[in-house]
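Q: My structure is stored as final_10.txt, with compact mmCIF, C-alpha atoms.
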# COMPACT_ATOMS: atom_id res chain seq x y z
CA ARG S 1 -36.75 15.53 93.61
CA ALA S 2 -35.73 17.83 90.81
CA PRO S 3 -32.71 16.79 88.72
CA THR S 4 -29.58 18.72 89.25
CA GLY S 5 -27.13 19.88 86.60
CA PRO S 6 -27.55 21.60 83.26
CA PRO S 7 -30.60 20.78 81.18
CA PRO S 8 -30.14 18.31 78.27
CA GLN S 9 -29.13 20.02 74.99
CA GLY S 10 -31.01 17.57 72.82
CA ARG S 11 -31.38 13.94 71.99
CA ARG S 12 -28.13 12.16 71.45
CA LEU S 13 -27.87 9.60 68.66
CA ARG S 14 -26.51 6.27 69.70
CA ARG S 15 -23.92 4.76 67.44
CA ARG S 16 -24.36 1.25 66.25
CA PRO S 17 -21.71 -1.09 67.52
CA LYS S 18 -19.24 -2.36 64.94
CA THR S 19 -20.13 -5.79 63.73
CA ALA S 20 -18.11 -8.40 61.92
CA PRO S 21 -18.24 -8.34 58.09
CA HIS S 22 -20.98 -10.27 56.43
CA SER S 23 -20.00 -13.87 56.12
CA GLU S 24 -20.91 -15.81 52.99
CA ASN S 25 -23.52 -18.50 53.19
CA PRO S 26 -21.74 -21.86 53.54
CA LYS S 27 -23.99 -23.45 50.90
CA THR S 28 -23.29 -20.69 48.39
CA LYS S 29 -19.58 -20.92 49.10
CA LYS S 30 -19.69 -24.67 48.60
CA ARG S 31 -21.44 -24.33 45.23
CA LYS S 32 -18.85 -21.79 44.07
CA ASN S 33 -16.00 -24.08 45.07
CA GLU S 34 -17.61 -26.99 43.23
CA LYS S 35 -17.97 -24.90 40.04
CA ARG S 36 -14.36 -23.78 40.29
CA ASP S 37 -13.10 -27.33 40.80
CA LYS S 38 -15.21 -28.57 37.91
CA LYS S 39 -13.85 -25.86 35.67
CA ASN S 40 -10.23 -26.62 36.55
CA SER S 41 -10.55 -30.38 36.37
CA ILE S 42 -9.62 -32.26 33.22
CA ALA S 43 -12.23 -34.96 32.88
CA PRO S 44 -14.26 -37.30 35.05
CA ALA S 45 -13.01 -40.75 35.88
CA LEU S 46 -13.04 -43.13 32.94
CA PRO S 47 -13.28 -46.89 33.16
CA GLY S 48 -10.37 -49.07 32.27
CA PRO S 49 -6.72 -48.02 32.20
CA PHE S 50 -7.56 -44.32 31.97
CA PRO S 51 -6.68 -42.32 35.07
CA SER S 52 -9.34 -40.64 37.12
CA ALA S 53 -9.72 -36.90 37.46
CA GLY S 54 -8.20 -37.00 40.91
CA ALA S 55 -5.03 -38.59 39.57
CA CYS S 56 -4.49 -35.75 37.07
CA PRO S 57 -3.33 -32.29 38.06
CA ALA S 58 -5.79 -29.45 37.89
CA GLY S 59 -5.55 -26.99 35.02
CA PRO S 60 -5.37 -27.33 31.25
CA PRO S 61 -4.45 -30.69 29.71
CA GLN S 62 -0.77 -31.46 29.82
CA GLY S 63 0.72 -32.32 26.46
CA PRO S 64 2.79 -30.98 23.59
CA PRO S 65 2.22 -27.23 23.08
CA MET S 66 0.19 -26.10 20.10
CA ARG S 67 2.37 -25.23 17.14
CA ARG S 68 1.88 -21.71 15.85
CA ASN S 69 2.61 -20.59 12.36
CA PRO S 70 6.00 -18.81 12.60
CA LEU S 71 5.46 -17.07 9.26
CA ARG S 72 2.54 -14.92 10.29
CA PRO S 73 4.34 -12.67 12.78
CA GLY S 74 7.42 -12.67 10.53
CA LEU S 75 5.51 -11.52 7.45
CA ARG S 76 3.60 -8.98 9.48
CA GLY S 77 6.80 -7.54 10.92
CA LEU S 78 8.40 -7.49 7.46
CA TRP S 79 5.42 -5.61 6.02
CA GLU S 80 5.42 -3.08 8.88
CA SER S 81 9.16 -2.48 8.44
CA ALA S 82 8.77 -2.02 4.69
CA ASP S 83 5.83 0.34 5.20
CA ARG S 84 7.81 2.51 7.64
CA LEU S 85 10.82 2.56 5.31
CA VAL S 86 8.76 3.57 2.26
CA ALA S 87 6.91 6.22 4.28
CA ARG S 88 10.24 7.64 5.51
CA ARG S 89 11.89 7.76 2.04
CA PRO S 90 9.03 7.87 -0.48
CA ILE S 91 10.91 9.65 -3.28
CA THR S 92 13.92 7.32 -3.07
CA TRP S 93 11.76 4.22 -3.32
CA ALA S 94 9.70 5.78 -6.09
CA VAL S 95 12.80 6.49 -8.21
CA LEU S 96 14.38 3.08 -7.54
CA SER S 97 11.24 1.04 -8.15
CA ALA S 98 10.33 2.97 -11.30
CA GLY S 99 13.86 2.80 -12.73
CA ALA S 100 14.13 -0.94 -12.11
CA LYS S 101 10.73 -1.42 -13.68
CA GLY S 102 11.76 0.51 -16.80
CA ALA S 103 14.92 -1.52 -17.33
CA LEU S 104 13.20 -4.85 -16.71
CA GLY S 105 10.20 -4.03 -18.88
CA ASP S 106 12.31 -3.01 -21.87
CA GLN S 107 14.49 -6.13 -21.59
CA ILE S 108 11.38 -8.33 -21.55
CA ALA S 109 9.99 -6.47 -24.55
CA GLN S 110 13.20 -6.86 -26.54
CA ARG S 111 14.11 -10.46 -25.71
CA LEU S 112 10.76 -12.19 -25.14
CA VAL S 113 8.20 -10.18 -27.12
CA GLU S 114 10.36 -9.12 -30.09
CA GLY S 115 12.67 -12.18 -29.90
CA ARG S 116 15.96 -10.30 -30.20
CA ARG S 117 19.15 -12.17 -29.37
CA SER S 118 21.07 -9.05 -28.35
CA ALA S 119 19.35 -6.21 -26.51
CA ASP S 120 19.72 -2.56 -27.49
CA LEU S 121 21.26 -0.97 -24.39
CA ARG S 122 20.57 2.57 -25.57
CA ARG S 123 16.89 1.76 -25.78
CA THR S 124 17.04 0.26 -22.27
CA ALA S 125 18.78 3.42 -21.05
CA VAL S 126 15.92 5.52 -22.47
CA TYR S 127 13.23 3.69 -20.49
CA THR S 128 15.36 3.40 -17.36
CA THR S 129 16.05 7.14 -17.36
CA PHE S 130 12.49 8.14 -18.16
CA SER S 131 10.96 5.70 -15.67
CA GLY S 132 13.36 6.52 -12.85
CA LEU S 133 13.61 10.30 -13.14
CA TYR S 134 10.20 11.22 -14.47
CA LEU S 135 7.78 8.46 -13.46
CA GLY S 136 9.51 7.99 -10.10
CA GLY S 137 10.49 11.57 -9.27
CA VAL S 138 8.27 14.04 -11.15
CA GLN S 139 5.19 11.85 -11.09
CA TYR S 140 5.48 11.49 -7.32
CA PHE S 141 5.12 15.25 -6.87
CA VAL S 142 2.31 15.44 -9.43
CA GLN S 143 0.20 12.56 -8.11
CA CYS S 144 1.09 12.59 -4.40
CA ARG S 145 1.52 16.32 -3.80
CA VAL S 146 -0.11 18.51 -6.46
CA LEU S 147 -3.22 16.41 -7.10
CA GLU S 148 -3.69 15.72 -3.39
CA TRP S 149 -3.48 19.47 -2.76
CA LEU S 150 -5.89 20.36 -5.56
CA PHE S 151 -8.38 17.55 -4.83
CA PRO S 152 -8.05 16.40 -1.20
CA GLY S 153 -9.96 13.33 -0.06
CA ARG S 154 -11.12 10.09 -1.69
CA SER S 155 -14.73 10.72 -2.58
CA LEU S 156 -16.04 9.64 -5.98
CA ARG S 157 -15.95 13.19 -7.35
CA THR S 158 -12.41 13.72 -6.04
CA VAL S 159 -11.10 10.47 -7.54
CA VAL S 160 -12.67 11.29 -10.92
CA SER S 161 -11.07 14.75 -10.84
CA LYS S 162 -7.64 13.29 -10.06
CA VAL S 163 -7.86 10.66 -12.78
CA ALA S 164 -9.09 13.16 -15.38
CA THR S 165 -6.35 15.70 -14.57
CA ASP S 166 -3.65 13.03 -14.61
CA GLN S 167 -4.77 11.23 -17.76
CA PHE S 168 -5.90 14.12 -19.96
CA LEU S 169 -3.56 16.93 -18.90
CA HIS S 170 -0.44 15.66 -17.12
CA LEU S 171 0.47 12.55 -19.11
CA PRO S 172 -0.37 13.66 -22.68
CA LEU S 173 0.98 17.21 -22.33
CA ILE S 174 4.02 16.68 -20.08
CA ALA S 175 4.99 13.02 -19.62
CA PHE S 176 4.91 11.86 -23.23
CA PRO S 177 6.80 14.92 -24.57
CA CYS S 178 9.53 14.21 -21.99
CA LEU S 179 9.71 10.56 -23.13
CA TYR S 180 10.07 11.55 -26.79
CA LEU S 181 12.68 14.16 -25.88
CA ILE S 182 14.80 11.63 -23.93
CA LYS S 183 14.37 9.07 -26.69
CA GLU S 184 15.46 11.51 -29.39
CA ALA S 185 18.51 12.49 -27.32
CA PHE S 186 19.62 8.86 -26.78
CA MET S 187 18.37 7.35 -30.06
CA PRO S 188 18.01 9.93 -32.84
CA SER S 189 16.05 8.86 -35.89
CA ARG S 190 17.96 7.53 -38.86
CA ASN S 191 16.40 9.96 -41.32
CA ALA S 192 16.45 12.89 -38.87
CA ASP S 193 16.98 16.33 -40.34
CA PRO S 194 20.31 17.63 -38.97
CA LYS S 195 19.11 21.22 -39.38
CA ARG S 196 16.34 20.71 -36.83
CA SER S 197 17.05 20.66 -33.11
CA THR S 198 16.44 17.68 -30.84
CA VAL S 199 13.37 19.32 -29.33
CA GLU S 200 11.85 20.03 -32.75
CA ARG S 201 12.45 16.45 -33.97
CA ALA S 202 11.02 14.98 -30.73
CA MET S 203 7.89 17.15 -30.75
CA GLY S 204 7.31 16.50 -34.46
CA LYS S 205 7.50 12.74 -33.90
CA TYR S 206 5.17 12.91 -30.92
CA LYS S 207 2.67 15.00 -32.87
CA SER S 208 2.42 12.32 -35.55
CA GLU S 209 2.02 9.47 -33.01
CA ALA S 210 0.07 11.21 -30.21
CA ILE S 211 -3.37 9.75 -30.97
CA GLU S 212 -2.24 6.12 -31.05
CA VAL S 213 -0.04 6.23 -27.94
CA ASN S 214 -2.57 8.18 -25.86
CA ILE S 215 -5.44 5.83 -26.71
CA ALA S 216 -3.27 2.92 -25.54
CA LEU S 217 -2.40 4.94 -22.43
CA TRP S 218 -6.03 5.57 -21.50
CA LYS S 219 -7.09 1.95 -22.03
CA PHE S 220 -4.48 0.80 -19.51
CA TRP S 221 -4.12 3.62 -16.98
CA ILE S 222 -7.63 4.97 -16.46
CA PRO S 223 -8.77 1.78 -14.62
CA ALA S 224 -5.40 1.39 -12.88
CA GLY S 225 -5.26 5.05 -11.88
CA THR S 226 -8.78 4.94 -10.48
CA ILE S 227 -7.81 2.08 -8.17
CA GLY S 228 -4.60 3.86 -7.20
CA PHE S 229 -6.23 7.17 -6.28
CA ALA S 230 -9.15 5.50 -4.49
CA LEU S 231 -7.46 2.74 -2.47
CA ILE S 232 -3.65 2.97 -2.42
CA PRO S 233 -1.91 5.04 0.32
CA THR S 234 0.03 8.03 -0.93
CA HIS S 235 3.53 6.73 -0.13
CA TRP S 236 2.75 3.40 -1.87
CA ARG S 237 1.18 4.94 -4.98
CA ILE S 238 4.33 5.15 -7.13
CA PRO S 239 5.52 1.61 -6.20
CA TYR S 240 1.99 0.46 -7.07
CA ASN S 241 2.22 2.26 -10.41
CA SER S 242 5.67 0.75 -10.99
CA GLY S 243 4.35 -2.76 -10.43
CA LEU S 244 1.56 -2.30 -12.97
CA SER S 245 3.77 -0.23 -15.24
CA LEU S 246 5.98 -3.25 -15.91
CA ALA S 247 3.27 -4.51 -18.27
CA TRP S 248 2.75 -0.99 -19.61
CA THR S 249 6.48 -0.56 -20.33
CA ILE S 250 6.45 -3.80 -22.33
CA ILE S 251 3.48 -2.52 -24.35
CA LEU S 252 4.96 0.96 -24.80
CA SER S 253 8.44 -0.26 -25.70
CA ASN S 254 7.11 -2.69 -28.30
CA MET S 255 4.80 0.00 -29.71
CA GLN S 256 7.62 2.55 -29.95
CA ALA S 257 9.87 0.02 -31.70
CA ARG S 258 7.14 -0.69 -34.26
CA LEU S 259 6.51 3.00 -34.85
CA ASP S 260 10.23 3.63 -35.27
CA ASP S 261 10.50 0.88 -37.86
CA GLU S 262 7.54 2.32 -39.76
CA SER S 263 8.99 5.86 -39.72
CA ASN S 264 12.48 4.69 -40.78
CA ALA S 265 11.14 2.49 -43.58
Can the structure in the file be given as C-alpha cells, please?

A:
Amino acid sequence: RAPTGPPPQGRRLRRRPKTAPHSENPKTKKRKNEKRDKKNSIAPALPGPFPSAGACPAGPPQGPPMRRNPLRPGLRGLWESADRLVARRPITWAVLSAGAKGALGDQIAQRLVEGRRSADLRRTAVYTTFSGLYLGGVQYFVQCRVLEWLFPGRSLRTVVSKVATDQFLHLPLIAFPCLYLIKEAFMPSRNADPKRSTVERAMGKYKSEAIEVNIALWKFWIPAGTIGFALIPTHWRIPYNSGLSLAWTIILSNMQARLDDESNA
C-alpha cells in the first residue's frame, strides 16, 4: 500500500536530549578537599601538651599581629607631599631655599671659618640678596627653562652642552657681575674712587679677580652641575643647587673677604 500524505522534505536531525552537567570524579574531588584542608591547617598533631591540628582553628596561626614600621608610609607620604608642593611652586621654593642658604653660609663663614665674634650683617645681606633673587629666581629660568629649551633631553651630549653653557657663559658673564654689583652697592670699597659709578667700581674689581674666582667656581660646580643636569628633576634642581651651594657660599664668602682685605691693604 502506497503511503499517503505529502512526500518527506528531507532528513530531519534529531536533537540530543539534555543531560545533567558533568559530575566530578569522587576520587578527584576527595584529593582536592584533602589538599585544601592540608593548606588551611596549622600543623599536624604533636606529642605531649601541644594541641593537635583538629583542636586548632583552620587558617593562619593565631597570635600577635606582625608589627610594621610606621615610619615608612609616613616618610613616603611626606616626600610625596613635598614633591607636589615644590612642583606646584618651584620659583617660590627656589628663592626661599637659595636665600636661606646664602644667609646661613655667610654666617658660617664669618663665625666658624674666620672666627669673628660679631658678624657683619651687611655682608650677610649681600649673599642673602644675591642667593635669593639671582640664584633662586634668575638661575631657575636659566637652568630650568632656557637651557631645557635650548638642549632638551638628558643624553650625554645634551648634558655636556648644558654644563658648558652654564659654566662658561652664564655664570662668568652674568652671575658674577651681578654679585659684584650687589656687593659694591651694599659694601663699597674703602679706597673707592668717588668719581666712578657703582657699576664701574664693581666691574673693575671683578675684572681684577675674575680668573681666581672662576677657577674656584669650575672646580666645584662642573661636577655638581653635571649631576644636577643628568639626574635631578627640573623642579628640584635649584633646591639641589642650594643644598650644595651652602659649601660653595662658605668658600666664596671667605674668598671675597680675603680679596677685600688684600685690595684695601

Q: With distances taken over only C-alpha atoms, which residue among S:Arg84, S:Lys195, S:Arg190, S:Lys29 lies nearest S:Glu262?

A: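 Of S:Arg84, S:Lys195, S:Arg190, S:Lys29, the one nearest S:Glu262 is S:Arg190, counting only C-alpha atoms.
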
Q: So what do you get for atom CA of S:Ile174 versus atom CA of S:Ser263, distance-wise?

A: 23.0 Å

Q: Select, from S:Asp260, S:Met203, S:Trp236, S:Leu133, the residue with the minimum atom-to-atom distance to S:Leu85, counting only C-alpha atoms.

A: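 Ranked by minimum distance to S:Leu85, first place goes to S:Trp236.
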
Q: Nearest residue to S:Tyr134 out of S:Gly204, S:Gly243, S:Pro177, S:Gly225, using all atoms listed in the file?

A: S:Pro177

Q: May I ask for the distance between atom CA of S:Ala119 and atom CA of S:Met255, given in Å to one decimal place?

A: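 It comes out at 16.1 Å.
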
Q: In terms of the shortest atom-to-atom distance over all atoms listed in the file, which of S:Ala94, S:Asp166, S:Leu181, S:Gly99 is closest to S:Tyr140?

A: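 The answer is S:Ala94, which sits nearest to S:Tyr140.
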
Q: Have a look at atom CA of S:Ser131 and atom CA of S:Ile250 and let me know their distance in Å, one decimal.

A: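 Rounded to one decimal, the two atoms are 12.4 Å apart.
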